[in-house]
>>> print(open('protein33.cif').read())   # mmCIF, C-alpha atoms and all ligand atoms
data_work
loop_
_atom_site.label_atom_id
_atom_site.label_comp_id
_atom_site.auth_asym_id
_atom_site.auth_seq_id
_atom_site.Cartn_x
_atom_site.Cartn_y
_atom_site.Cartn_z
CA MET S 617 -33.20 14.36 14.79
CA ASN S 618 -35.56 15.54 17.54
CA PRO S 619 -38.18 14.03 19.87
CA LYS S 620 -40.69 14.14 17.01
CA THR S 621 -38.64 11.52 15.17
CA THR S 622 -37.17 9.60 18.09
CA THR S 623 -40.16 9.32 20.46
CA PRO S 624 -42.30 7.35 17.95
CA ARG S 625 -39.30 5.07 17.36
CA ARG S 626 -39.11 4.28 21.07
CA GLU S 627 -42.88 3.70 21.14
CA ARG S 628 -42.45 1.10 18.40
CA LEU S 629 -39.54 -0.37 20.36
CA ALA S 630 -41.81 -0.69 23.41
CA GLU S 631 -44.36 -2.58 21.30
CA LEU S 632 -41.72 -5.23 20.54
CA LEU S 633 -41.16 -5.98 24.24
CA SER S 634 -43.02 -8.31 26.60
CA ASP S 635 -43.38 -7.72 30.31
CA GLY S 636 -40.05 -8.19 32.07
CA GLU S 637 -38.02 -7.34 28.96
CA GLY S 638 -35.65 -4.42 28.99
CA VAL S 639 -33.47 -2.52 26.52
CA ILE S 640 -30.11 -1.03 27.43
CA ILE S 641 -28.25 0.96 24.78
CA PHE S 642 -24.76 2.14 25.60
CA GLY S 643 -23.77 5.31 23.78
CA ASN S 644 -20.18 5.51 22.56
CA SER S 645 -17.35 7.08 24.52
CA GLN S 646 -15.23 10.01 23.44
CA PRO S 647 -11.81 8.72 22.37
CA LYS S 648 -9.00 11.12 23.30
CA LEU S 649 -8.06 13.52 20.47
CA GLN S 650 -10.29 11.72 17.98
CA LYS S 651 -13.59 12.61 16.44
CA PHE S 652 -16.61 11.31 18.32
CA SER S 653 -19.00 9.07 16.49
CA GLN S 654 -22.20 7.88 18.19
CA ASP S 655 -23.46 4.31 18.38
CA LYS S 656 -26.05 4.12 15.61
CA ASN S 657 -28.75 2.40 17.66
CA PHE S 658 -28.30 4.99 20.38
CA LEU S 659 -28.61 7.77 17.83
CA TYR S 660 -31.65 6.15 16.21
CA PHE S 661 -33.63 5.87 19.43
CA THR S 662 -32.51 9.00 21.31
CA GLY S 663 -31.22 11.46 18.71
CA LEU S 664 -28.45 12.34 21.16
CA ASN S 665 -25.05 12.75 19.51
CA GLU S 666 -23.03 13.09 22.73
CA PRO S 667 -20.59 10.69 24.41
CA GLU S 668 -20.98 8.79 27.71
CA LEU S 669 -24.74 8.21 27.82
CA ILE S 670 -26.79 5.09 28.57
CA TYR S 671 -30.43 4.47 27.68
CA PHE S 672 -32.59 2.06 29.66
CA GLY S 673 -36.18 1.09 28.92
CA ILE S 674 -38.26 -1.61 30.62
CA LYS S 675 -41.76 -3.01 30.09
CA MET S 676 -43.68 -3.74 33.30
CA GLY S 677 -47.39 -4.35 33.68
CA GLY S 678 -47.82 -3.26 30.07
CA TYR S 679 -46.19 0.08 30.87
CA PHE S 680 -42.91 1.19 29.30
CA SER S 681 -40.60 3.11 31.59
CA GLU S 682 -37.52 4.93 30.27
CA THR S 683 -34.41 6.39 31.86
CA LEU S 684 -31.41 8.19 30.38
CA PHE S 685 -28.14 8.23 32.28
CA ILE S 686 -25.85 11.22 31.76
CA GLU S 687 -22.50 12.37 33.13
CA ARG S 688 -22.37 14.55 36.21
CA SER S 689 -20.92 17.91 35.30
CA GLU S 690 -17.53 18.70 36.80
CA PRO S 691 -17.08 22.47 36.87
CA ASP S 692 -13.28 22.42 36.61
CA ARG S 693 -13.38 20.18 33.46
CA ILE S 694 -15.54 22.65 31.53
CA VAL S 695 -12.53 24.63 30.29
CA TRP S 696 -11.13 21.38 28.80
CA GLU S 697 -14.22 19.66 27.51
CA GLY S 698 -16.89 22.33 27.30
CA GLU S 699 -20.29 22.12 28.95
CA LYS S 700 -21.78 18.63 29.19
CA LEU S 701 -25.33 17.85 28.27
CA ASN S 702 -27.47 18.68 31.29
CA ALA S 703 -30.69 16.96 32.37
CA LYS S 704 -33.01 19.64 30.95
CA GLN S 705 -31.29 19.62 27.55
CA ALA S 706 -31.24 15.82 27.49
CA THR S 707 -35.01 15.68 27.98
CA GLU S 708 -35.66 18.45 25.45
CA LEU S 709 -33.53 16.78 22.78
CA SER S 710 -34.66 13.21 23.32
CA GLY S 711 -38.15 13.38 24.83
CA ILE S 712 -37.01 11.04 27.64
CA PRO S 713 -38.45 12.46 30.87
CA ARG S 714 -36.37 10.69 33.53
CA ILE S 715 -32.70 11.62 33.66
CA LEU S 716 -30.26 10.10 36.15
CA HIS S 717 -26.47 10.17 36.45
CA LEU S 718 -24.14 7.41 35.31
CA ASP S 719 -23.16 6.55 38.90
CA GLU S 720 -26.83 5.70 39.52
CA PHE S 721 -26.89 3.09 36.73
CA TYR S 722 -26.28 -0.02 38.89
CA PRO S 723 -28.50 0.99 41.83
CA HIS S 724 -31.30 1.87 39.40
CA LEU S 725 -31.02 -1.37 37.43
CA SER S 726 -30.80 -3.45 40.57
CA MET S 727 -34.29 -2.27 41.54
CA PHE S 728 -35.59 -4.08 38.44
CA GLY S 729 -33.10 -6.98 38.64
CA SER S 730 -35.38 -9.72 39.94
CA PHE S 731 -38.18 -8.64 37.60
CA LEU S 732 -36.09 -8.66 34.40
CA THR S 733 -36.19 -11.77 32.18
CA THR S 734 -34.29 -10.42 29.18
CA ILE S 735 -32.09 -7.48 28.32
CA HIS S 736 -31.67 -6.52 24.68
CA THR S 737 -28.45 -4.56 24.33
CA ASN S 738 -25.79 -3.45 21.86
CA LEU S 739 -23.59 -6.24 23.14
CA GLY S 740 -21.11 -6.43 20.27
CA PHE S 741 -19.24 -9.66 19.60
CA ALA S 742 -16.67 -11.43 21.73
CA GLU S 743 -13.38 -11.78 19.91
CA LEU S 744 -10.32 -13.76 20.85
CA ASN S 745 -7.44 -11.61 22.04
CA LYS S 746 -9.73 -8.60 22.42
CA PRO S 747 -11.12 -7.19 25.65
CA PRO S 748 -14.86 -7.61 26.30
CA THR S 749 -17.05 -4.97 24.71
CA LEU S 750 -18.31 -2.10 26.84
CA ALA S 751 -21.76 -3.68 27.14
CA MET S 752 -20.35 -7.08 28.19
CA HIS S 753 -18.18 -5.39 30.77
CA MET S 754 -20.95 -3.14 32.10
CA LEU S 755 -23.57 -5.89 32.36
CA GLU S 756 -21.31 -8.44 34.05
CA PRO S 757 -22.16 -7.33 37.65
CA LEU S 758 -25.86 -7.55 36.82
CA ARG S 759 -25.51 -11.03 35.30
CA THR S 760 -23.67 -12.23 38.37
CA ARG S 761 -26.33 -10.93 40.72
CA PHE S 762 -29.36 -11.83 38.61
CA PRO S 763 -28.38 -14.93 36.63
CA GLN S 764 -31.93 -15.43 35.31
CA ILE S 765 -31.56 -12.43 32.99
CA ALA S 766 -30.95 -13.46 29.39
CA ILE S 767 -28.77 -11.05 27.43
CA ARG S 768 -29.69 -10.68 23.74
CA GLN S 769 -28.36 -8.77 20.75
CA LEU S 770 -30.40 -5.60 20.30
CA ASN S 771 -30.00 -5.68 16.51
CA ASP S 772 -32.04 -8.89 16.28
CA LEU S 773 -34.93 -7.08 17.97
CA ILE S 774 -34.81 -3.74 16.19
CA ALA S 775 -33.67 -4.56 12.63
CA PRO S 776 -37.32 -4.64 11.43
CA LEU S 777 -37.68 -1.02 12.60
CA ARG S 778 -34.41 0.35 11.26
CA LYS S 779 -34.66 -1.23 7.85
CA ILE S 780 -37.86 0.65 7.00
CA LYS S 781 -36.86 4.24 6.34
CA ASP S 782 -39.29 7.10 6.82
CA LYS S 783 -39.35 10.22 4.66
CA TRP S 784 -36.94 12.16 6.86
CA GLU S 785 -34.42 9.33 6.74
CA ILE S 786 -34.71 9.04 2.97
CA ASP S 787 -34.14 12.81 2.71
CA GLN S 788 -30.89 12.45 4.71
CA LEU S 789 -29.72 9.61 2.48
CA GLN S 790 -30.64 11.60 -0.62
CA LYS S 791 -28.62 14.60 0.53
CA ALA S 792 -25.63 12.39 1.38
CA ILE S 793 -25.91 10.77 -2.06
CA ASP S 794 -26.33 14.07 -3.94
CA VAL S 795 -23.29 15.68 -2.33
CA THR S 796 -21.24 12.51 -2.87
CA GLY S 797 -22.29 12.67 -6.53
CA GLN S 798 -21.15 16.28 -6.83
CA GLY S 799 -17.78 15.34 -5.35
CA ILE S 800 -17.48 12.41 -7.76
CA ALA S 801 -18.17 14.83 -10.62
CA ASP S 802 -15.45 17.16 -9.30
CA ILE S 803 -13.01 14.24 -9.29
CA MET S 804 -13.91 13.12 -12.80
CA ASN S 805 -13.57 16.71 -14.03
CA SER S 806 -10.12 17.24 -12.57
CA ALA S 807 -8.25 13.93 -12.19
CA GLN S 808 -5.06 13.62 -14.22
CA ALA S 809 -2.29 11.09 -14.63
CA GLY S 810 0.45 11.70 -12.08
CA MET S 811 -1.88 12.66 -9.24
CA MET S 812 -1.96 10.70 -6.01
CA GLU S 813 -5.11 8.78 -5.12
CA TYR S 814 -5.47 10.86 -1.95
CA GLU S 815 -5.64 14.04 -4.02
CA LEU S 816 -8.85 12.72 -5.53
CA GLU S 817 -10.06 11.86 -2.03
CA ALA S 818 -9.35 15.46 -0.97
CA THR S 819 -11.39 16.81 -3.90
CA LEU S 820 -14.47 14.93 -2.74
CA PHE S 821 -13.89 15.70 0.94
CA TYR S 822 -13.64 19.40 0.11
CA ARG S 823 -16.94 19.26 -1.76
CA MET S 824 -18.60 17.50 1.18
CA GLN S 825 -17.33 20.09 3.63
CA VAL S 826 -18.38 23.15 1.62
CA ASN S 827 -21.80 21.52 1.28
CA GLY S 828 -22.19 21.12 5.04
CA LEU S 829 -21.42 17.40 5.32
CA PRO S 830 -18.11 17.26 7.18
CA HIS S 831 -17.94 13.50 7.77
CA TRP S 832 -17.40 10.42 5.66
CA GLY S 833 -20.01 7.67 6.02
CA PHE S 834 -17.10 5.19 5.81
CA ALA S 835 -13.41 5.26 4.93
CA PRO S 836 -13.25 6.19 1.24
CA ILE S 837 -11.65 3.89 -1.34
CA ILE S 838 -9.88 5.62 -4.23
CA ALA S 839 -8.13 2.89 -6.17
CA ALA S 840 -6.32 3.11 -9.51
CA GLY S 841 -5.32 0.18 -11.70
CA LEU S 842 -4.31 -2.91 -9.73
CA ASN S 843 -5.53 -1.33 -6.47
CA ALA S 844 -9.09 -1.43 -7.84
CA ALA S 845 -8.81 -5.22 -7.95
CA THR S 846 -8.10 -5.33 -4.20
CA LEU S 847 -11.54 -5.32 -2.56
CA HIS S 848 -10.72 -3.55 0.69
CA TYR S 849 -7.92 -1.33 -0.54
CA GLY S 850 -8.10 1.88 1.46
CA ASP S 851 -4.56 3.25 1.55
CA ASN S 852 -5.31 5.72 -1.26
CA ASN S 853 -1.61 6.56 -1.40
CA CYS S 854 -0.47 5.46 -4.86
CA ARG S 855 0.31 7.57 -7.90
CA ILE S 856 -2.24 7.26 -10.70
CA ASN S 857 -0.82 6.32 -14.09
CA LYS S 858 -1.98 7.19 -17.55
CA GLY S 859 -4.43 4.68 -18.96
CA GLU S 860 -5.50 3.26 -15.62
CA LEU S 861 -9.09 2.89 -14.57
CA VAL S 862 -9.87 4.60 -11.24
CA LEU S 863 -12.44 3.05 -8.89
CA MET S 864 -14.04 5.27 -6.21
CA ASP S 865 -16.17 3.65 -3.49
CA VAL S 866 -17.24 6.61 -1.40
CA GLY S 867 -20.05 8.09 0.65
CA ALA S 868 -20.70 11.22 2.67
CA ASP S 869 -22.57 11.15 5.98
CA CYS S 870 -25.65 13.31 6.49
CA ASN S 871 -26.98 13.41 10.07
CA GLY S 872 -25.57 9.94 10.63
CA TYR S 873 -26.91 8.45 7.36
CA SER S 874 -24.35 7.17 4.88
CA ALA S 875 -24.28 7.23 1.09
CA ASP S 876 -22.44 4.35 -0.59
CA ILE S 877 -21.58 4.93 -4.25
CA THR S 878 -19.02 3.32 -6.53
CA ARG S 879 -18.04 4.78 -9.87
CA CYS S 880 -15.13 4.04 -12.22
CA PHE S 881 -13.60 6.25 -14.88
CA PRO S 882 -10.55 6.15 -17.16
CA ILE S 883 -7.61 8.41 -16.41
CA GLY S 884 -7.24 9.35 -20.08
CA LYS S 885 -9.98 10.73 -22.30
CA LYS S 886 -11.57 7.35 -22.91
CA PHE S 887 -11.77 3.73 -21.80
CA SER S 888 -9.38 1.23 -23.41
CA PRO S 889 -11.23 -1.44 -25.42
CA ARG S 890 -10.71 -4.00 -22.62
CA GLN S 891 -11.81 -1.59 -19.87
CA LYS S 892 -14.86 -0.78 -21.94
CA GLN S 893 -15.73 -4.44 -22.45
CA ILE S 894 -15.52 -5.32 -18.75
CA TYR S 895 -17.19 -2.08 -17.62
CA GLN S 896 -20.12 -2.54 -19.99
CA LEU S 897 -20.81 -6.10 -18.91
CA VAL S 898 -20.79 -5.09 -15.24
CA LEU S 899 -23.10 -2.18 -16.04
CA ASP S 900 -25.51 -4.41 -17.97
CA VAL S 901 -25.75 -6.82 -15.04
CA GLN S 902 -26.13 -3.93 -12.58
CA LYS S 903 -29.07 -2.50 -14.52
CA LYS S 904 -30.68 -5.92 -14.77
CA ILE S 905 -30.46 -6.38 -10.99
CA ILE S 906 -31.86 -2.91 -10.29
CA ALA S 907 -34.79 -3.71 -12.61
CA MET S 908 -35.64 -6.75 -10.43
CA ILE S 909 -36.06 -4.68 -7.25
CA LYS S 910 -39.57 -4.54 -5.79
CA PRO S 911 -41.34 -5.64 -2.61
CA GLY S 912 -41.26 -9.41 -2.10
CA VAL S 913 -37.93 -10.02 -3.84
CA LYS S 914 -35.25 -11.73 -1.72
CA LEU S 915 -31.69 -10.47 -1.46
CA SER S 916 -30.61 -14.03 -2.19
CA GLU S 917 -32.41 -13.84 -5.55
CA LEU S 918 -30.47 -10.68 -6.42
CA ASN S 919 -27.23 -12.43 -5.45
CA LYS S 920 -27.97 -15.46 -7.60
CA ALA S 921 -29.01 -13.38 -10.61
CA THR S 922 -25.80 -11.34 -10.30
CA ARG S 923 -23.54 -14.39 -10.21
CA ASP S 924 -25.42 -15.99 -13.10
CA GLY S 925 -25.35 -12.77 -15.14
CA LEU S 926 -21.67 -12.07 -14.58
CA ALA S 927 -20.74 -15.71 -15.21
CA ALA S 928 -22.63 -15.81 -18.51
CA ALA S 929 -20.95 -12.56 -19.60
CA LEU S 930 -17.44 -13.79 -18.72
CA ILE S 931 -18.04 -17.09 -20.53
CA LYS S 932 -19.10 -15.12 -23.58
CA ILE S 933 -15.84 -13.16 -23.66
CA ASP S 934 -13.81 -16.34 -22.93
CA LEU S 935 -12.42 -15.18 -19.60
CA ILE S 936 -13.85 -18.30 -17.89
CA LYS S 937 -15.03 -21.65 -19.22
CA ASN S 938 -17.78 -22.59 -16.79
CA GLU S 939 -20.01 -20.84 -14.25
CA SER S 940 -18.23 -22.04 -11.12
CA GLU S 941 -15.09 -20.13 -12.11
CA ILE S 942 -16.90 -16.82 -11.58
CA SER S 943 -15.67 -16.73 -7.96
CA ARG S 944 -12.19 -15.96 -9.29
CA TYR S 945 -13.36 -12.60 -10.59
CA TYR S 946 -16.44 -11.81 -8.47
CA MET S 947 -16.45 -12.77 -4.80
CA HIS S 948 -18.82 -10.53 -2.81
CA SER S 949 -22.55 -9.97 -2.40
CA VAL S 950 -24.41 -7.59 -4.68
CA SER S 951 -26.47 -5.79 -2.02
CA HIS S 952 -26.57 -4.68 1.56
CA PHE S 953 -28.96 -2.48 3.47
CA LEU S 954 -27.97 1.17 3.75
CA GLY S 955 -28.85 3.69 6.44
CA LEU S 956 -27.27 4.84 9.67
CA ASP S 957 -24.66 2.14 9.14
CA THR S 958 -23.11 1.84 5.71
CA HIS S 959 -23.68 -1.90 6.04
CA ASP S 960 -27.01 -1.40 7.77
CA VAL S 961 -29.00 -3.87 9.87
CA GLY S 962 -31.36 -6.09 7.92
CA GLY S 963 -29.49 -9.30 7.21
CA ARG S 964 -28.56 -11.23 4.10
CA GLU S 965 -31.69 -13.33 3.74
CA ALA S 966 -34.16 -10.46 3.87
CA VAL S 967 -37.24 -10.09 1.71
CA LEU S 968 -37.52 -6.56 0.34
CA GLU S 969 -40.28 -4.28 1.63
CA PRO S 970 -41.28 -0.69 0.81
CA GLY S 971 -38.99 1.73 2.64
CA ASN S 972 -35.88 -0.45 2.44
CA VAL S 973 -32.77 1.13 0.96
CA ILE S 974 -30.18 -1.23 -0.49
CA THR S 975 -27.06 -0.95 -2.60
CA VAL S 976 -26.61 -2.72 -5.94
CA GLU S 977 -22.92 -3.27 -6.61
CA PRO S 978 -21.73 -6.00 -8.93
CA GLY S 979 -18.05 -6.00 -9.85
CA ILE S 980 -15.37 -7.82 -11.81
CA TYR S 981 -11.78 -7.88 -10.55
CA ILE S 982 -8.92 -9.03 -12.77
CA PRO S 983 -5.64 -8.46 -10.91
CA GLU S 984 -3.57 -10.01 -13.71
CA GLU S 985 -4.79 -7.20 -15.97
CA LYS S 986 -4.52 -4.53 -13.24
CA LEU S 987 -8.23 -3.92 -13.65
CA GLY S 988 -11.14 -3.73 -11.23
CA VAL S 989 -14.65 -2.53 -12.06
CA ARG S 990 -17.52 -2.07 -9.61
CA ILE S 991 -20.62 0.04 -10.15
CA GLU S 992 -22.75 0.80 -7.11
CA ASP S 993 -26.04 2.64 -6.78
CA ASP S 994 -28.31 3.22 -3.78
CA VAL S 995 -31.87 2.06 -4.37
CA LEU S 996 -35.08 2.72 -2.43
CA VAL S 997 -37.73 -0.01 -2.52
CA THR S 998 -41.13 1.61 -3.18
CA LYS S 999 -44.66 0.18 -2.97
CA THR S 1000 -44.66 -0.68 -6.67
CA GLY S 1001 -40.97 -1.13 -7.46
CA HIS S 1002 -37.95 0.99 -6.79
CA LYS S 1003 -36.32 4.39 -7.12
CA VAL S 1004 -32.59 4.78 -7.77
CA LEU S 1005 -31.57 7.54 -5.35
CA SER S 1006 -28.19 7.91 -7.09
CA ALA S 1007 -29.62 8.05 -10.63
CA ALA S 1008 -28.15 11.52 -11.19
CA ILE S 1009 -24.55 10.27 -10.94
CA PRO S 1010 -23.42 9.33 -14.46
CA LYS S 1011 -22.39 5.74 -15.20
CA GLU S 1012 -22.93 5.26 -18.96
CA ILE S 1013 -19.66 4.97 -20.89
CA ALA S 1014 -20.65 7.74 -23.32
CA ASP S 1015 -21.40 10.14 -20.45
CA LEU S 1016 -18.18 9.32 -18.61
CA GLU S 1017 -16.07 9.77 -21.77
CA LYS S 1018 -17.79 13.08 -22.46
CA ILE S 1019 -16.79 14.32 -19.00
CA ARG S 1020 -13.25 13.03 -19.42
CA ARG S 1021 -12.84 14.68 -22.86
CA GLN S 1022 -13.52 18.03 -21.20
CA ALA S 1023 -11.19 17.40 -18.27
CA PRO S 1024 -7.74 19.04 -18.38
CA GLU S 1025 -4.94 16.70 -19.37
CA LYS S 1026 -1.25 16.82 -18.61
MN MN S 1101 -21.54 -0.89 -0.59
#
>>> encode(input="protein33.cif", output="structure tokens")
Amino acid sequence: MNPKTTTPRRERLAELLSDGEGVIIFGNSQPKLQKFSQDKNFLYFTGLNEPELIYFGIKMGGYFSETLFIERSEPDRIVWEGEKLNAKQATELSGIPRILHLDEFYPHLSMFGSFLTTIHTNLGFAELNKPPTLAMHMLEPLRTRFPQIAIRQLNDLIAPLRKIKDKWEIDQLQKAIDVTGQGIADIMNSAQAGMMEYELEATLFYRMQVNGLPHWGFAPIIAAGLNAATLHYGDNNCRINKGELVLMDVGADCNGYSADITRCFPIGKKFSPRQKQIYQLVLDVQKKIIAMIKPGVKLSELNKATRDGLAAALIKIDLIKNESEISRYYMHSVSHFLGLDTHDVGGREAVLEPGNVITVEPGIYIPEEKLGVRIEDDVLVTKTGHKVLSAAIPKEIADLEKIRRQAPEK
């Protein structure tokens, strides 16, 4: 990301604001001895992937004024932490001309305090038994002094911007998806009974790293047998047994953009008849849902068609008697937006528009048979329909069995 991508985004942000409205985006902090990961709204609007930064923009008299707050450099900390971003670099990388230091945040904001009507910020959500979020904590003195200022969730304002992906963003997603697909192929080519789930995880992670994508988009799920029927299983620490079906819900990160792919494969040379039956019905529904995708379609329509399709299929094979029982075996939504966040901004009631990227991921989970199947692709909505960005990653039974026949077996 560079000012060529981020400056136009902030110009569009400015267009969403009325006079007296401001935007404050708190960048994330560096946790001790852990990898830094930037707040996605901060990254989207500034392109700066560094900790301890705050962005402030305000509309006044039709004019949009922007300030970035950075840390003061402390010469004797450099040997520990390296050089901090300086003002010149911050402007070059973000295109934001005015740079101040973090200790100037309150004095600077106070100058605009009586003029501000609303602040849109990455507030987060208050939770019982949890401390206030950084934004709540940081804005408290301002709220006390200027009680007329309404504090709003930034995501509600900017979701319409973030959910339309430009070409550069789609390229990042495509690269994340392609490398994830290569890693999935590596796993399918090498997985054997007796391995641990985390060995499969390591195979994909290695592929990501040698391809220049050193970060996961989200914590990977590698789940064999019964574990695949546990929706948020993420321990990845069980031994994989012969005959089990392995479910992988994984995605690499490319410049902050996350792939989100789920594939299943048998740990022998082929699917058992029951695995095949369930897998095929999930696949048929998944393809039907993908075929529906075009501008104007609502996510809620995709959800309803998925439930109806899966219910009809399970009635046909006598697993359930009537449609309402489908919730026993399928209990999540079929789609979410994908982008900087794996579950990206955009909402559940959205109407699809060109430039949206969504997942399509129906599943059937039968714990009593130690079987879970989910198939997930990443789909771009185009002007006339859709393009499956993950189309190169095999999912047909015949293709998967062909790969597995060639894989070494213990
Ligand atoms: Mn997903």
>>> residues_near_ligand(input="protein33.cif", ligand="ligand MN 1101 (chain S)", cutoff="7 Å", atoms="all atoms listed in the file", output="number ranges by chain")
S: 876-877, 952, 975, 977, 992
>>> write_last_selection(input="protein33.cif", atoms="C-alpha atoms", output="CSV table (one decimal), in the coordinates of the input")
chain,number,residue,atom,x,y,z
S,876,ASP,CA,-22.4,4.4,-0.6
S,877,ILE,CA,-21.6,4.9,-4.2
S,952,HIS,CA,-26.6,-4.7,1.6
S,975,THR,CA,-27.1,-1.0,-2.6
S,977,GLU,CA,-22.9,-3.3,-6.6
S,992,GLU,CA,-22.8,0.8,-7.1
>>> closest_residue(input="protein33.cif", among="S:Val997, S:Val913, S:Leu842, S:Leu718", to="Ala703 of chain S", atoms="all atoms listed in the file")
S:Leu718
>>> atom_distance(input="protein33.cif", atom1="atom CA of Tyr946 of chain S", atom2="atom CA of Glu985 of chain S")
14.6 Å
>>> closest_residue(input="protein33.cif", among="S:Gly988, S:Gly729, S:Gly673, S:Gly810", to="Arg890 of chain S", atoms="all atoms listed in the file")
S:Gly988
>>> closest_residue(input="protein33.cif", among="S:Asp900, S:Asp794, S:Asp924, S:Glu969", to="Leu1005 of chain S", atoms="only C-alpha atoms")
S:Asp794
>>> atom_distance(input="protein33.cif", atom1="atom CA of Ile735 of chain S", atom2="atom CA of Glu785 of chain S")
27.5 Å
>>> axis_aligned_box(input="protein33.cif", around="segment 944-951 of chain S", padding_each_side="3 Å", output="AutoDock Vina command-line options")
--center_x -19.3 --center_y -10.9 --center_z -6.3 --size_x 20.3 --size_y 16.2 --size_z 14.6
>>> residues_near_point(input="protein33.cif", point="(-19.6, 19.8, 0.6)", cutoff="10 Å", atoms="all atoms listed in the file", output="PyMOL selection string")
chain S and resi 792+794-796+798-799+819-831+868
>>> closest_residue(input="protein33.cif", among="S:Glu813, S:Thr922, S:Asp635, S:Lys932", to="Gln893 of chain S", atoms="all atoms listed in the file")
S:Lys932
>>> closest_residue(input="protein33.cif", among="S:Leu935, S:Ala966, S:Leu739, S:Met804", to="Leu816 of chain S", atoms="only C-alpha atoms")
S:Met804
>>> residues_around(input="protein33.cif", residues="Ser645 of chain S", least_positions_apart="6", cutoff="9 Å", atoms="all atoms listed in the file", output="list in words")
Phe652, Ser653, Gln654, Glu666, Pro667, Glu668 and Leu669 of chain S
>>> atom_distance(input="protein33.cif", atom1="atom CA of Leu915 of chain S", atom2="atom CA of Ile974 of chain S")
9.4 Å
>>> residues_around(input="protein33.cif", residues="Lys920 of chain S", least_positions_apart="6", cutoff="12 Å", atoms="all atoms listed in the file", output="VMD selection string")
chain S and resid 901 905 908 913 to 914 926 to 927 939 942 948 to 951 978
>>> closest_residue(input="protein33.cif", among="S:Leu629, S:Gly955, S:Cys880, S:Arg1021", to="Ile980 of chain S", atoms="all atoms listed in the file")
S:Cys880
>>> residues_near_point(input="protein33.cif", point="(-2.5, 7.6, -0.8)", cutoff="10 Å", atoms="all atoms listed in the file", output="MDAnalysis selection string")
chainID S and resid 811:817 837:839 850:856
>>> build_atoms(input="protein33.cif", residues="segment 659-671 of chain S", atoms="N, CA and C atoms", output="PDB file, in the frame of the given file")
ATOM      1  N   LEU S 659     -28.182   6.595  18.590  1.00  0.00           N
ATOM      2  CA  LEU S 659     -28.610   7.770  17.830  1.00  0.00           C
ATOM      3  C   LEU S 659     -30.038   7.601  17.314  1.00  0.00           C
ATOM      4  N   TYR S 660     -30.327   6.421  16.794  1.00  0.00           N
ATOM      5  CA  TYR S 660     -31.650   6.150  16.210  1.00  0.00           C
ATOM      6  C   TYR S 660     -32.767   6.332  17.237  1.00  0.00           C
ATOM      7  N   PHE S 661     -32.551   5.854  18.439  1.00  0.00           N
ATOM      8  CA  PHE S 661     -33.630   5.870  19.430  1.00  0.00           C
ATOM      9  C   PHE S 661     -33.654   7.108  20.324  1.00  0.00           C
ATOM     10  N   THR S 662     -32.526   7.829  20.426  1.00  0.00           N
ATOM     11  CA  THR S 662     -32.510   9.000  21.310  1.00  0.00           C
ATOM     12  C   THR S 662     -32.254  10.309  20.578  1.00  0.00           C
ATOM     13  N   GLY S 663     -31.602  10.237  19.420  1.00  0.00           N
ATOM     14  CA  GLY S 663     -31.220  11.460  18.710  1.00  0.00           C
ATOM     15  C   GLY S 663     -30.074  12.198  19.363  1.00  0.00           C
ATOM     16  N   LEU S 664     -29.506  11.638  20.422  1.00  0.00           N
ATOM     17  CA  LEU S 664     -28.450  12.340  21.160  1.00  0.00           C
ATOM     18  C   LEU S 664     -27.071  11.973  20.604  1.00  0.00           C
ATOM     19  N   ASN S 665     -26.351  12.981  20.138  1.00  0.00           N
ATOM     20  CA  ASN S 665     -25.050  12.750  19.510  1.00  0.00           C
ATOM     21  C   ASN S 665     -23.932  13.196  20.462  1.00  0.00           C
ATOM     22  N   GLU S 666     -23.991  12.717  21.696  1.00  0.00           N
ATOM     23  CA  GLU S 666     -23.030  13.090  22.730  1.00  0.00           C
ATOM     24  C   GLU S 666     -22.458  11.814  23.345  1.00  0.00           C
ATOM     25  N   PRO S 667     -21.200  11.886  23.827  1.00  0.00           N
ATOM     26  CA  PRO S 667     -20.590  10.690  24.410  1.00  0.00           C
ATOM     27  C   PRO S 667     -21.070  10.416  25.836  1.00  0.00           C
ATOM     28  N   GLU S 668     -20.780   9.227  26.319  1.00  0.00           N
ATOM     29  CA  GLU S 668     -20.980   8.790  27.710  1.00  0.00           C
ATOM     30  C   GLU S 668     -22.438   8.905  28.164  1.00  0.00           C
ATOM     31  N   LEU S 669     -23.326   8.239  27.443  1.00  0.00           N
ATOM     32  CA  LEU S 669     -24.740   8.210  27.820  1.00  0.00           C
ATOM     33  C   LEU S 669     -25.215   6.755  27.779  1.00  0.00           C
ATOM     34  N   ILE S 670     -26.189   6.436  28.604  1.00  0.00           N
ATOM     35  CA  ILE S 670     -26.790   5.090  28.570  1.00  0.00           C
ATOM     36  C   ILE S 670     -28.310   5.247  28.583  1.00  0.00           C
ATOM     37  N   TYR S 671     -28.969   4.489  27.731  1.00  0.00           N
ATOM     38  CA  TYR S 671     -30.430   4.470  27.680  1.00  0.00           C
ATOM     39  C   TYR S 671     -30.945   3.168  28.274  1.00  0.00           C
TER      40      TYR S 671
END
